[in-house]
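Data from my_file_18.cif: mmCIF, C-alpha atoms
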data_data
loop_
_atom_site.label_atom_id
_atom_site.label_comp_id
_atom_site.auth_asym_id
_atom_site.auth_seq_id
_atom_site.Cartn_x
_atom_site.Cartn_y
_atom_site.Cartn_z
CA MET D 1 0.00 0.00 0.00
CA SER D 2 1.17 3.50 -0.75
CA VAL D 3 0.12 7.14 -0.46
CA LEU D 4 0.75 10.18 -2.61
CA PHE D 5 2.53 13.33 -1.50
CA LEU D 6 1.37 16.26 -3.61
CA PHE D 7 3.16 19.60 -3.96
CA GLN D 8 2.34 23.09 -5.12
CA SER D 9 5.22 23.46 -7.57
CA THR D 10 8.06 21.68 -9.31
CA HIS D 11 10.40 23.58 -7.00
CA GLN D 12 8.77 21.87 -4.00
CA VAL D 13 8.69 18.41 -5.64
CA ILE D 14 12.42 18.49 -6.33
CA LYS D 15 13.14 19.75 -2.83
CA ALA D 16 10.97 16.99 -1.38
CA GLU D 17 12.61 14.27 -3.47
CA LYS D 18 16.05 15.48 -2.42
CA THR D 19 14.94 15.32 1.20
CA VAL D 20 13.26 11.89 0.98
CA LYS D 21 16.30 10.52 -0.83
CA THR D 22 18.31 10.93 2.37
CA MET D 23 15.98 8.41 4.09
CA ASN D 24 16.15 4.69 3.78
CA CYS D 25 12.76 4.30 2.15
CA LYS D 26 11.36 3.44 -1.25
CA TYR D 27 9.54 6.09 -3.23
CA ASN D 28 8.56 6.76 -6.82
CA VAL D 29 8.13 9.96 -8.81
CA VAL D 30 4.70 9.60 -10.45
CA PRO D 31 2.30 11.82 -12.40
CA VAL D 32 -0.40 13.55 -10.41
CA PRO D 33 -3.55 11.45 -11.13
CA LYS D 34 -6.11 13.36 -13.19
CA SER D 35 -8.76 12.42 -10.60
CA ILE D 36 -6.89 14.59 -8.12
CA SER D 37 -5.74 17.48 -10.25
CA PRO D 38 -5.66 18.49 -13.91
CA GLU D 39 -1.96 19.33 -13.36
CA CYS D 40 0.72 17.91 -15.57
CA GLY D 41 3.07 17.76 -12.59
CA MET D 42 4.83 15.20 -10.43
CA ALA D 43 4.02 13.63 -7.09
CA LEU D 44 5.91 11.31 -4.73
CA GLU D 45 4.49 7.86 -4.07
CA VAL D 46 5.60 6.56 -0.67
CA GLU D 47 4.90 3.25 1.06
CA THR D 48 2.31 3.60 3.84
CA SER D 49 4.74 2.35 6.47
CA ASN D 50 7.05 5.31 5.77
CA VAL D 51 4.45 8.06 5.64
CA ASP D 52 4.94 9.37 9.20
CA GLN D 53 8.68 9.54 8.77
CA VAL D 54 8.43 11.34 5.41
CA GLU D 55 5.82 13.74 6.76
CA THR D 56 8.05 14.70 9.69
CA LEU D 57 11.07 15.23 7.48
CA LEU D 58 9.21 17.38 4.96
CA ASN D 59 7.74 19.51 7.75
CA GLU D 60 11.19 19.95 9.26
CA ASN D 61 12.39 21.25 5.90
CA ASN D 62 9.45 23.65 5.47
CA ILE D 63 8.19 21.84 2.38
CA VAL D 64 4.47 22.36 1.81
CA PHE D 65 2.54 19.23 0.80
CA THR D 66 -0.77 17.42 0.96
CA ILE D 67 -1.31 13.69 1.31
CA ARG D 68 -3.75 11.59 -0.74
CA LYS D 69 -4.40 8.01 0.40
CA MET U 70 43.19 29.40 -26.42
CA PRO U 71 43.79 30.15 -30.11
CA PHE U 72 46.72 32.51 -29.45
CA GLU U 73 49.95 32.00 -27.55
CA TRP U 74 48.67 34.24 -24.77
CA ASN U 75 45.23 35.34 -23.61
CA THR U 76 44.41 38.30 -25.87
CA TYR U 77 40.71 38.42 -24.92
CA PHE U 78 40.16 41.48 -22.71
CA ASP U 79 36.45 41.90 -23.42
CA ASN U 80 35.05 39.91 -20.51
CA GLY U 81 32.94 42.91 -19.52
CA ALA U 82 30.83 42.14 -22.60
CA THR U 83 30.87 38.38 -22.13
CA SER U 84 33.31 35.89 -20.71
CA TYR U 85 35.62 33.80 -22.84
CA PRO U 86 36.71 31.11 -22.54
CA LYS U 87 34.24 29.12 -20.46
CA PRO U 88 35.07 25.95 -18.54
CA ALA U 89 34.96 23.03 -21.02
CA GLU U 90 32.20 21.42 -18.97
CA VAL U 91 29.82 24.26 -19.90
CA ALA U 92 29.58 23.28 -23.58
CA ARG U 93 29.65 19.61 -22.60
CA ASN U 94 26.65 20.00 -20.31
CA VAL U 95 24.70 22.07 -22.86
CA SER U 96 25.35 19.31 -25.39
CA PHE U 97 24.42 16.65 -22.83
CA TYR U 98 21.05 18.33 -22.35
CA LEU U 99 20.39 18.85 -26.06
CA ASN U 100 21.62 15.47 -27.28
CA GLU U 101 21.05 13.07 -24.44
CA ILE U 102 18.42 14.33 -22.03
CA GLY U 103 15.94 16.70 -23.64
CA GLY U 104 12.72 17.24 -21.76
CA ASN U 105 11.16 20.25 -20.11
CA TYR U 106 11.05 21.83 -16.67
CA GLY U 107 7.99 21.00 -14.58
CA ARG U 108 5.93 19.68 -17.47
CA GLY U 109 5.47 15.95 -16.91
CA PHE U 110 6.75 13.17 -14.70
CA SER U 111 9.12 11.24 -17.00
CA GLN U 112 12.70 10.61 -15.93
CA ARG U 113 14.00 13.17 -18.44
CA ASN U 114 11.63 15.87 -17.18
CA PHE U 115 12.49 15.05 -13.61
CA GLU U 116 16.21 15.25 -14.38
CA VAL U 117 15.80 18.63 -16.09
CA SER U 118 13.77 19.94 -13.16
CA ARG U 119 16.36 18.63 -10.71
CA VAL U 120 19.27 20.37 -12.48
CA VAL U 121 17.35 23.66 -12.67
CA GLU U 122 16.39 23.50 -8.99
CA GLU U 123 19.91 22.53 -7.88
CA LEU U 124 21.19 25.56 -9.79
CA ARG U 125 18.63 27.79 -8.09
CA PHE U 126 19.79 26.44 -4.73
CA ALA U 127 23.48 26.98 -5.62
CA LEU U 128 22.83 30.61 -6.66
CA ALA U 129 20.81 31.24 -3.50
CA GLN U 130 23.67 29.85 -1.40
CA MET U 131 26.17 31.99 -3.28
CA ILE U 132 24.35 35.24 -2.48
CA GLY U 133 23.25 34.28 1.04
CA ALA U 134 19.53 34.06 0.21
CA LYS U 135 17.65 32.10 2.85
CA LYS U 136 14.76 31.22 0.54
CA ASP U 137 15.94 29.78 -2.76
CA GLU U 138 12.47 30.20 -4.30
CA ASN U 139 13.07 33.96 -4.10
CA VAL U 140 15.70 33.48 -6.82
CA ILE U 141 14.02 33.41 -10.21
CA PHE U 142 15.62 32.72 -13.56
CA THR U 143 15.69 35.44 -16.20
CA GLN U 144 17.21 35.91 -19.65
CA ASN U 145 19.90 38.26 -18.34
CA ALA U 146 20.49 41.06 -15.84
CA THR U 147 18.59 43.57 -18.01
CA HIS U 148 15.50 41.37 -17.88
CA ALA U 149 15.86 41.07 -14.10
CA ILE U 150 16.20 44.86 -13.71
CA ASN U 151 13.09 45.43 -15.85
CA ILE U 152 11.06 43.04 -13.70
CA VAL U 153 11.84 45.12 -10.61
CA LEU U 154 11.62 48.61 -12.11
CA LYS U 155 8.39 47.95 -13.96
CA GLY U 156 6.91 45.62 -11.34
CA LEU U 157 7.25 47.87 -8.29
CA ASN U 158 4.74 50.65 -7.82
CA LEU U 159 6.99 53.64 -8.53
CA GLU U 160 4.35 56.01 -9.90
CA ASP U 161 4.99 59.64 -8.82
CA LYS U 162 7.91 58.50 -6.66
CA GLU U 163 11.59 59.35 -6.47
CA VAL U 164 14.15 56.80 -7.61
CA TRP U 165 17.77 57.47 -6.67
CA ILE U 166 20.48 56.04 -8.87
CA SER U 167 24.21 55.63 -8.52
CA PRO U 168 26.43 57.75 -10.79
CA LEU U 169 27.74 54.96 -13.04
CA GLU U 170 24.48 53.40 -14.22
CA HIS U 171 24.14 51.35 -17.40
CA ASN U 172 21.32 51.71 -19.92
CA ALA U 173 19.85 48.51 -18.46
CA VAL U 174 18.69 50.84 -15.69
CA MET U 175 18.56 54.21 -17.48
CA ARG U 176 16.27 53.16 -20.31
CA PRO U 177 13.56 51.51 -18.18
CA LEU U 178 13.74 54.50 -15.84
CA GLU U 179 13.35 56.92 -18.74
CA HIS U 180 10.29 54.88 -19.75
CA LEU U 181 8.91 55.23 -16.20
CA LYS U 182 9.72 58.93 -16.10
CA GLU U 183 7.60 59.48 -19.20
CA ARG U 184 4.73 57.18 -18.32
CA LYS U 185 4.62 57.06 -14.51
CA ASN U 186 6.01 60.45 -13.54
CA VAL U 187 8.99 58.87 -11.80
CA SER U 188 11.56 61.40 -10.65
CA ILE U 189 15.19 60.30 -11.19
CA LYS U 190 17.79 61.61 -8.73
CA ARG U 191 21.53 60.95 -8.77
CA LEU U 192 23.33 59.97 -5.58
CA PRO U 193 26.18 62.35 -4.66
CA CYS U 194 29.57 61.11 -5.77
CA LEU U 195 33.28 61.71 -6.01
CA LYS U 196 35.17 62.27 -9.27
CA ASP U 197 35.59 58.56 -10.00
CA GLY U 198 31.88 57.90 -9.52
CA LEU U 199 32.16 56.52 -6.00
CA VAL U 200 28.94 57.24 -4.10
CA ASP U 201 29.74 59.79 -1.40
CA VAL U 202 27.76 58.20 1.39
CA LYS U 203 28.54 61.04 3.82
CA GLN U 204 26.91 63.56 1.47
CA LEU U 205 23.83 61.43 0.91
CA PRO U 206 20.79 63.45 2.04
CA ALA U 207 18.01 61.93 4.09
CA LEU U 208 15.67 60.32 1.57
CA ARG U 209 11.97 61.08 1.55
CA LYS U 210 9.90 58.41 3.24
CA ASP U 211 8.01 57.71 0.03
CA THR U 212 11.20 57.15 -1.99
CA GLY U 213 10.45 54.24 -4.28
CA LEU U 214 13.85 52.73 -4.77
CA VAL U 215 17.60 53.24 -4.75
CA VAL U 216 19.44 51.63 -7.65
CA VAL U 217 23.14 50.87 -7.38
CA ASN U 218 25.41 49.56 -10.09
CA HIS U 219 27.63 47.33 -7.94
CA GLN U 220 30.66 47.22 -10.22
CA SER U 221 30.91 49.74 -13.04
CA ASN U 222 31.20 48.32 -16.52
CA VAL U 223 33.20 51.43 -17.48
CA ASN U 224 35.85 51.96 -14.80
CA GLY U 225 35.37 48.85 -12.63
CA LEU U 226 34.68 50.83 -9.46
CA ILE U 227 32.94 48.79 -6.78
CA GLN U 228 30.30 50.73 -4.87
CA PRO U 229 30.03 50.33 -1.08
CA ILE U 230 26.59 48.70 -1.19
CA GLU U 231 26.63 47.83 2.51
CA GLU U 232 27.35 51.42 3.56
CA ILE U 233 24.76 52.82 1.15
CA LYS U 234 22.13 50.38 2.41
CA ARG U 235 22.86 51.25 6.02
CA LYS U 236 22.46 54.94 5.18
CA ILE U 237 19.16 54.61 3.29
CA GLY U 238 17.60 52.40 5.96
CA PRO U 239 14.49 50.44 4.93
CA VAL U 240 14.20 52.01 1.45
CA PRO U 241 14.50 49.08 -0.97
CA MET U 242 17.65 48.86 -3.08
CA LEU U 243 18.10 47.28 -6.49
CA ILE U 244 21.65 46.10 -7.07
CA ASP U 245 22.79 45.69 -10.66
CA GLY U 246 25.24 42.83 -10.22
CA ALA U 247 25.90 42.25 -13.93
CA GLN U 248 29.64 42.91 -13.65
CA SER U 249 30.23 41.97 -10.03
CA ILE U 250 28.54 38.61 -9.68
CA GLY U 251 31.14 35.87 -9.77
CA HIS U 252 33.85 38.35 -8.75
CA GLU U 253 32.58 40.10 -5.63
CA THR U 254 30.87 38.70 -2.56
CA ILE U 255 27.28 39.77 -2.01
CA ASP U 256 25.18 38.73 0.97
CA VAL U 257 21.55 39.67 0.38
CA ASN U 258 20.61 38.44 3.81
CA ASP U 259 22.89 41.00 5.45
CA LEU U 260 21.65 43.75 3.18
CA ASN U 261 17.96 43.06 3.97
CA GLU U 262 15.61 44.97 1.64
CA VAL U 263 17.34 44.33 -1.68
CA TYR U 264 16.70 43.05 -5.16
CA LEU U 265 19.75 41.65 -6.94
CA ALA U 266 19.97 41.36 -10.73
CA MET U 267 22.51 38.81 -11.98
CA THR U 268 23.76 37.56 -15.30
CA GLY U 269 25.14 34.10 -16.00
CA HIS U 270 27.51 34.80 -18.86
CA LYS U 271 30.04 37.23 -17.39
CA GLY U 272 31.76 36.56 -14.06
CA LEU U 273 29.94 33.26 -13.58
CA LEU U 274 31.35 31.97 -16.91
CA GLY U 275 28.04 30.49 -18.07
CA PRO U 276 26.25 30.76 -21.44
CA THR U 277 24.57 33.90 -22.72
CA GLY U 278 20.79 34.07 -22.26
CA THR U 279 20.99 33.11 -18.58
CA GLY U 280 20.38 35.35 -15.60
CA ALA U 281 18.62 35.50 -12.27
CA LEU U 282 16.88 37.88 -9.92
CA TYR U 283 16.75 37.73 -6.14
CA MET U 284 13.70 39.42 -4.65
CA TYR U 285 13.45 40.16 -0.95
CA ASP U 286 9.79 41.13 -1.30
CA PRO U 287 8.25 39.41 -4.34
CA GLY U 288 4.77 40.39 -3.13
CA ALA U 289 5.58 44.03 -3.92
CA VAL U 290 6.48 43.23 -7.53
CA ASP U 291 3.84 42.82 -10.21
CA VAL U 292 4.10 39.93 -12.67
CA PHE U 293 6.21 40.85 -15.69
CA VAL U 294 5.35 37.98 -18.06
CA ASP U 295 2.12 35.97 -17.78
CA GLY U 296 1.83 32.48 -19.20
CA GLY U 297 2.08 28.76 -18.60
CA THR U 298 4.08 27.46 -15.65
CA GLY U 299 3.09 23.78 -15.52
CA SER U 300 1.27 24.58 -12.26
CA VAL U 301 -2.29 25.69 -11.41
CA SER U 302 -3.10 25.08 -15.07
CA GLU U 303 -6.85 25.12 -14.40
CA SER U 304 -6.59 28.84 -13.72
CA THR U 305 -6.02 31.63 -16.26
CA GLY U 306 -4.37 33.70 -13.53
CA MET U 307 -0.73 33.43 -12.59
CA PRO U 308 0.18 31.32 -9.53
CA LYS U 309 0.71 33.28 -6.33
CA PHE U 310 3.65 31.13 -5.23
CA LEU U 311 7.32 31.28 -6.11
CA PRO U 312 9.21 30.74 -8.29
CA ASP U 313 6.33 30.00 -10.69
CA ARG U 314 4.81 33.48 -10.36
CA PHE U 315 7.75 34.99 -12.22
CA GLU U 316 8.74 32.11 -14.48
CA ALA U 317 6.08 31.82 -17.19
CA GLY U 318 7.11 29.94 -20.31
CA THR U 319 9.81 27.35 -20.84
CA PRO U 320 13.13 28.57 -19.48
CA ASN U 321 16.48 28.49 -21.30
CA ILE U 322 17.14 24.95 -20.13
CA ALA U 323 20.20 24.38 -22.32
CA GLY U 324 21.69 27.62 -20.96
CA LEU U 325 20.87 26.70 -17.37
CA PHE U 326 22.58 23.31 -17.82
CA GLY U 327 25.63 25.25 -19.00
CA LEU U 328 25.46 27.67 -16.08
CA SER U 329 25.11 24.78 -13.68
CA ALA U 330 28.33 23.27 -15.06
CA ALA U 331 30.06 26.66 -14.89
CA LEU U 332 29.34 26.90 -11.16
CA GLU U 333 30.29 23.30 -10.49
CA HIS U 334 33.55 23.43 -12.46
CA ARG U 335 34.70 26.96 -11.80
CA PRO U 336 38.45 27.03 -12.40
CA ALA U 337 40.94 28.46 -9.96
CA LYS U 338 41.98 32.03 -10.70
CA ASN U 339 45.19 32.19 -12.73
CA HIS U 340 46.37 35.44 -11.17
CA GLU U 341 46.22 37.42 -7.97
CA LYS U 342 44.29 40.66 -7.76
CA SER U 343 47.60 42.33 -6.95
CA ASP U 344 48.86 41.36 -10.45
CA PHE U 345 45.99 43.32 -11.99
CA LEU U 346 46.44 46.28 -9.65
CA GLU U 347 50.15 46.34 -10.42
CA PHE U 348 49.24 46.53 -14.13
CA VAL U 349 46.92 49.47 -13.38
CA LYS U 350 49.58 51.28 -11.35
CA GLU U 351 52.20 50.85 -14.09
CA LEU U 352 49.76 52.03 -16.75
CA ARG U 353 49.00 55.17 -14.74
CA LYS U 354 52.69 56.09 -14.87
CA ILE U 355 52.59 56.47 -18.67
CA ALA U 356 51.78 60.11 -19.34
CA GLY U 357 50.00 59.53 -22.65
CA TYR U 358 47.30 57.38 -21.10
CA GLN U 359 44.36 58.49 -19.04
CA VAL U 360 43.31 55.56 -16.87
CA TYR U 361 39.71 55.47 -15.64
CA CYS U 362 39.59 53.48 -12.42
CA ALA U 363 38.78 53.87 -8.73
CA GLU U 364 40.87 56.51 -6.95
CA ASP U 365 41.10 54.13 -4.02
CA LEU U 366 42.33 50.85 -5.53
CA GLU U 367 40.71 49.00 -2.63
CA ARG U 368 37.45 49.74 -4.46
CA GLN U 369 38.72 48.56 -7.84
CA GLY U 370 37.25 45.55 -9.62
CA GLU U 371 39.18 43.83 -12.39
CA LEU U 372 38.06 46.09 -15.22
CA ILE U 373 39.30 49.55 -16.28
CA SER U 374 38.99 51.99 -19.15
CA ILE U 375 41.73 53.95 -20.85
CA ASN U 376 42.19 56.69 -23.41
CA HIS U 377 45.29 58.06 -25.09
CA SER U 378 45.82 61.79 -25.43
CA ARG U 379 46.91 61.49 -29.09
CA LEU U 380 44.56 58.77 -30.36
CA ASP U 381 40.79 58.46 -30.19
CA SER U 382 39.32 55.41 -28.47
CA SER U 383 38.17 53.71 -31.68
CA SER U 384 41.62 54.01 -33.25
CA LEU U 385 43.35 52.76 -30.11
CA GLY U 386 40.98 49.79 -29.93
CA GLU U 387 41.54 49.07 -33.60
CA ARG U 388 45.34 49.21 -33.28
CA LEU U 389 45.20 46.83 -30.32
CA TYR U 390 43.15 44.41 -32.38
CA ARG U 391 44.75 44.74 -35.84
CA GLU U 392 48.36 44.84 -34.69
CA TYR U 393 48.26 42.67 -31.57
CA GLN U 394 44.96 40.69 -31.74
CA VAL U 395 43.99 42.19 -28.37
CA GLU U 396 40.21 42.31 -28.05
CA THR U 397 38.76 45.19 -26.08
CA ARG U 398 35.52 47.16 -26.25
CA VAL U 399 35.54 50.76 -27.36
CA GLY U 400 32.89 53.47 -27.16
CA LEU U 401 30.22 54.12 -24.56
CA HIS U 402 29.65 50.55 -23.34
CA CYS U 403 25.86 51.10 -23.24
CA ALA U 404 26.54 53.42 -20.31
CA PRO U 405 26.33 57.07 -21.48
CA PHE U 406 25.30 58.16 -17.99
CA ALA U 407 28.45 56.64 -16.49
CA HIS U 408 30.59 58.27 -19.17
CA GLN U 409 28.96 61.63 -18.41
CA THR U 410 29.91 61.19 -14.76
CA LEU U 411 33.50 60.38 -15.72
CA GLY U 412 33.76 63.15 -18.33
CA THR U 413 34.27 60.76 -21.22
CA PHE U 414 30.97 61.40 -22.99
CA PRO U 415 30.51 61.23 -25.96
CA VAL U 416 34.00 60.11 -27.00
CA GLY U 417 33.99 56.98 -24.87
CA THR U 418 36.96 54.88 -23.81
CA VAL U 419 38.77 51.60 -24.49
CA ARG U 420 37.74 49.05 -21.89
CA LEU U 421 40.10 46.35 -20.65
CA ALA U 422 38.30 43.53 -18.86
CA PRO U 423 40.27 40.37 -18.04
CA SER U 424 38.87 37.15 -16.62
CA ILE U 425 40.04 34.64 -14.06
CA TYR U 426 41.87 32.83 -16.88
CA HIS U 427 44.40 35.64 -17.36
CA THR U 428 47.84 35.19 -15.87
CA GLY U 429 50.19 37.77 -14.42
CA SER U 430 52.31 37.48 -17.55
CA ASP U 431 49.25 38.27 -19.72
CA PHE U 432 49.03 41.61 -17.91
CA GLU U 433 52.75 42.21 -18.44
CA ARG U 434 52.34 41.45 -22.13
CA LEU U 435 49.40 43.85 -22.45
CA LEU U 436 51.35 46.54 -20.62
CA GLY U 437 54.26 46.06 -23.02
CA ILE U 438 51.94 46.50 -26.00
CA LEU U 439 50.42 49.69 -24.56
CA VAL U 440 53.93 51.06 -23.93
CA GLU U 441 54.87 50.22 -27.53
CA ILE U 442 51.80 51.99 -28.93
CA ASP U 443 52.50 55.03 -26.74
CA ARG U 444 56.05 55.24 -28.12
CA THR U 445 54.79 55.33 -31.70
CA LEU U 446 52.60 58.32 -30.83
CA LYS U 447 55.39 60.58 -29.59
#

Could you write out this structure as structure tokens?
Amino acid sequence: MSVLFLFQSTHQVIKAEKTVKTMNCKYNVVPVPKSISPECGMALEVETSNVDQVETLLNENNIVFTIRK
Amino acid sequence: MPFEWNTYFDNGATSYPKPAEVARNVSFYLNEIGGNYGRGFSQRNFEVSRVVEELRFALAQMIGAKKDENVIFTQNATHAINIVLKGLNLEDKEVWISPLEHNAVMRPLEHLKERKNVSIKRLPCLKDGLVDVKQLPALRKDTGLVVVNHQSNVNGLIQPIEEIKRKIGPVPMLIDGAQSIGHETIDVNDLNEVYLAMTGHKGLLGPTGTGALYMYDPGAVDVFVDGGTGSVSESTGMPKFLPDRFEAGTPNIAGLFGLSAALEHRPAKNHEKSDFLEFVKELRKIAGYQVYCAEDLERQGELISINHSRLDSSSLGERLYREYQVETRVGLHCAPFAHQTLGTFPVGTVRLAPSIYHTGSDFERLLGILVEIDRTLK
């Protein structure tokens, strides 16, 4: 099972990926599903077991995000 | 280097050579990666976006900006300056300028003078164009902006931006860093209320068509170019957030790949500043030459202008090029206002602008050539 981390801008996605990369967890860069947003942008798909850890780290780095389960 | 010594002294116009990695990375993008910034999720688009964002971060670090999203990419320093001058609400306000401004500032201000009743005032200065901070009057509270050309593209003088900022208090300052960035240290965090216009192709050794703008208060600046950003596409209005608000349209990705490589592979300087200053001091001893530089060499950047009493600037520049393959730039350097301050308008000067690639012996060689030319004129 996984959840999606969504971001306002490409700037924030890249920052988030750089941050998550420092953790020992699997993630994927995926397109934002059209059911969520008409955006052509990117999102991070993270395993459910790592969500709390990722959320904490992103908050610590002042990266704005929303989570879609 | 095509010649046996570095004859290119026109780095004030654009730098040459560049680190080899610059062209390599531009080619890498064009031939092997492709893709766009922030438009799609594929590996190539992600890689492009990553390189652009890493570059933004590196530039922000370089200038001491705490928020890297406040650094936006532009075509050049002129573009960055226009964003600030035309984006701030300067209608019916005073704008103070330093005495050595370039047309990148003067022309947009002339536009604003005609259309928005902006009043242009010159900061008090000494003979070499150095802002005389002690003589600076108290500015009106509704002063719109103070604009300072950090390093002159005519005589290389470096303005005391920290002192000026302290004196003007909370009045915002726009720093034209076209010549200084890559050579001089700037800390926007220490300076507080500043906008900093930068170019990528001069001191930073990147490709032309690259530049950046740091904005301390982006909320005060109106959008300059509206268009697609790859974000909030459902709306016909521009995004409120940075950097997207000021980055409509596909950026110069090939150029930004080059600039990224230029920062990452910046070569060590081949000479000491004292080598350049020694060259200036020796040149000043030759009676036939008038050297335009800072009176206090502590305030001198690595760029000067010269004239000869018995040869006009065009002819001197031509002799340097035809007889010795030395490339300089003659004329007004797009800075008539600066030349008026220095008393060299409208005849102009010959500008000598080395880069970090020049060696001490390159300066000696150039000095020898200028001595030789002087002898032929006696």

List the residues selected by the PyMOL selection byres ((chain U) within 8 of (chain D)) in the file shown, writing them as a ChimeraX atom specification.
-> /U:106-110,118-119,122,138,299-303,312-313

Hey, what's within 6 Å of region 44-48 of chain D if we count all atoms listed in the file and toss same-chain stuff fewer than 3 positions away? As a PyMOL selection string, please?
-> chain D and resi 1-5+27-29+51

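With CA of His171 (chain U) on one side and CA of His427 (chain U) on the other, the separation reads 25.6 Å.
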
Spell out the residues picked by the PyMOL selection byres ((chain U and resi 324-329) around 9) here, as a VMD selection string.
-> chain U and resid 90 to 98 117 120 to 121 123 to 124 127 142 269 to 270 273 to 280 320 to 323 330 to 334

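Atom to atom, CA of Asn61 (chain D) and CA of Gly318 (chain U) stand 28.1 Å apart.
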
Explicit residues for the PyMOL selection byres ((chain U and resi 316) around 10) (as a ChimeraX atom specification) | /U:141-143,292-298,307-308,311-315,317-320

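CA of Pro168 (chain U) sits 29.2 Å away from CA of Leu389 (chain U).
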
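Minimum atom-to-atom distances from U:Ala207, U:Ala146, U:Leu436, U:Leu199 to Gly225 (chain U) were compared using only C-alpha atoms, and the lowest value belongs to U:Leu199.
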
What residues have an atom no more than 12 Å from (18.7, 48.9, -2.9) in the file's own frame, counting only C-alpha atoms, and can you write them as number ranges by chain?
-> U: 150, 153-154, 164-167, 212-219, 228-246, 257, 260-266, 283-286

Output region 3-15 of chain D with N, CA and C atoms present, as a compact mmCIF listing (two decimals), in the coordinates of the input.
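What landed in result_39.txt:
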# COMPACT_ATOMS: atom_id res chain seq x y z
N VAL D 3 0.87 5.88 -0.44
CA VAL D 3 0.12 7.14 -0.46
C VAL D 3 0.87 8.13 -1.36
N LEU D 4 0.14 9.16 -1.75
CA LEU D 4 0.75 10.18 -2.61
C LEU D 4 1.01 11.46 -1.83
N PHE D 5 2.20 11.99 -2.02
CA PHE D 5 2.53 13.33 -1.50
C PHE D 5 2.44 14.29 -2.68
N LEU D 6 1.58 15.28 -2.53
CA LEU D 6 1.37 16.26 -3.61
C LEU D 6 1.98 17.61 -3.22
N PHE D 7 2.46 18.32 -4.22
CA PHE D 7 3.16 19.60 -3.96
C PHE D 7 2.62 20.69 -4.87
N GLN D 8 2.85 21.92 -4.42
CA GLN D 8 2.34 23.09 -5.12
C GLN D 8 3.10 23.34 -6.43
N SER D 9 4.39 23.08 -6.42
CA SER D 9 5.22 23.46 -7.57
C SER D 9 6.33 22.44 -7.82
N THR D 10 6.92 22.53 -8.98
CA THR D 10 8.06 21.68 -9.31
C THR D 10 9.20 21.93 -8.33
N HIS D 11 9.38 23.19 -7.98
CA HIS D 11 10.40 23.58 -7.00
C HIS D 11 10.26 22.74 -5.72
N GLN D 12 9.01 22.61 -5.25
CA GLN D 12 8.77 21.87 -4.00
C GLN D 12 8.93 20.36 -4.20
N VAL D 13 8.55 19.85 -5.37
CA VAL D 13 8.69 18.41 -5.64
C VAL D 13 10.17 18.01 -5.60
N ILE D 14 10.99 18.81 -6.26
CA ILE D 14 12.42 18.49 -6.33
C ILE D 14 13.06 18.59 -4.94
N LYS D 15 12.64 19.59 -4.19
CA LYS D 15 13.14 19.75 -2.83
C LYS D 15 12.74 18.55 -1.98
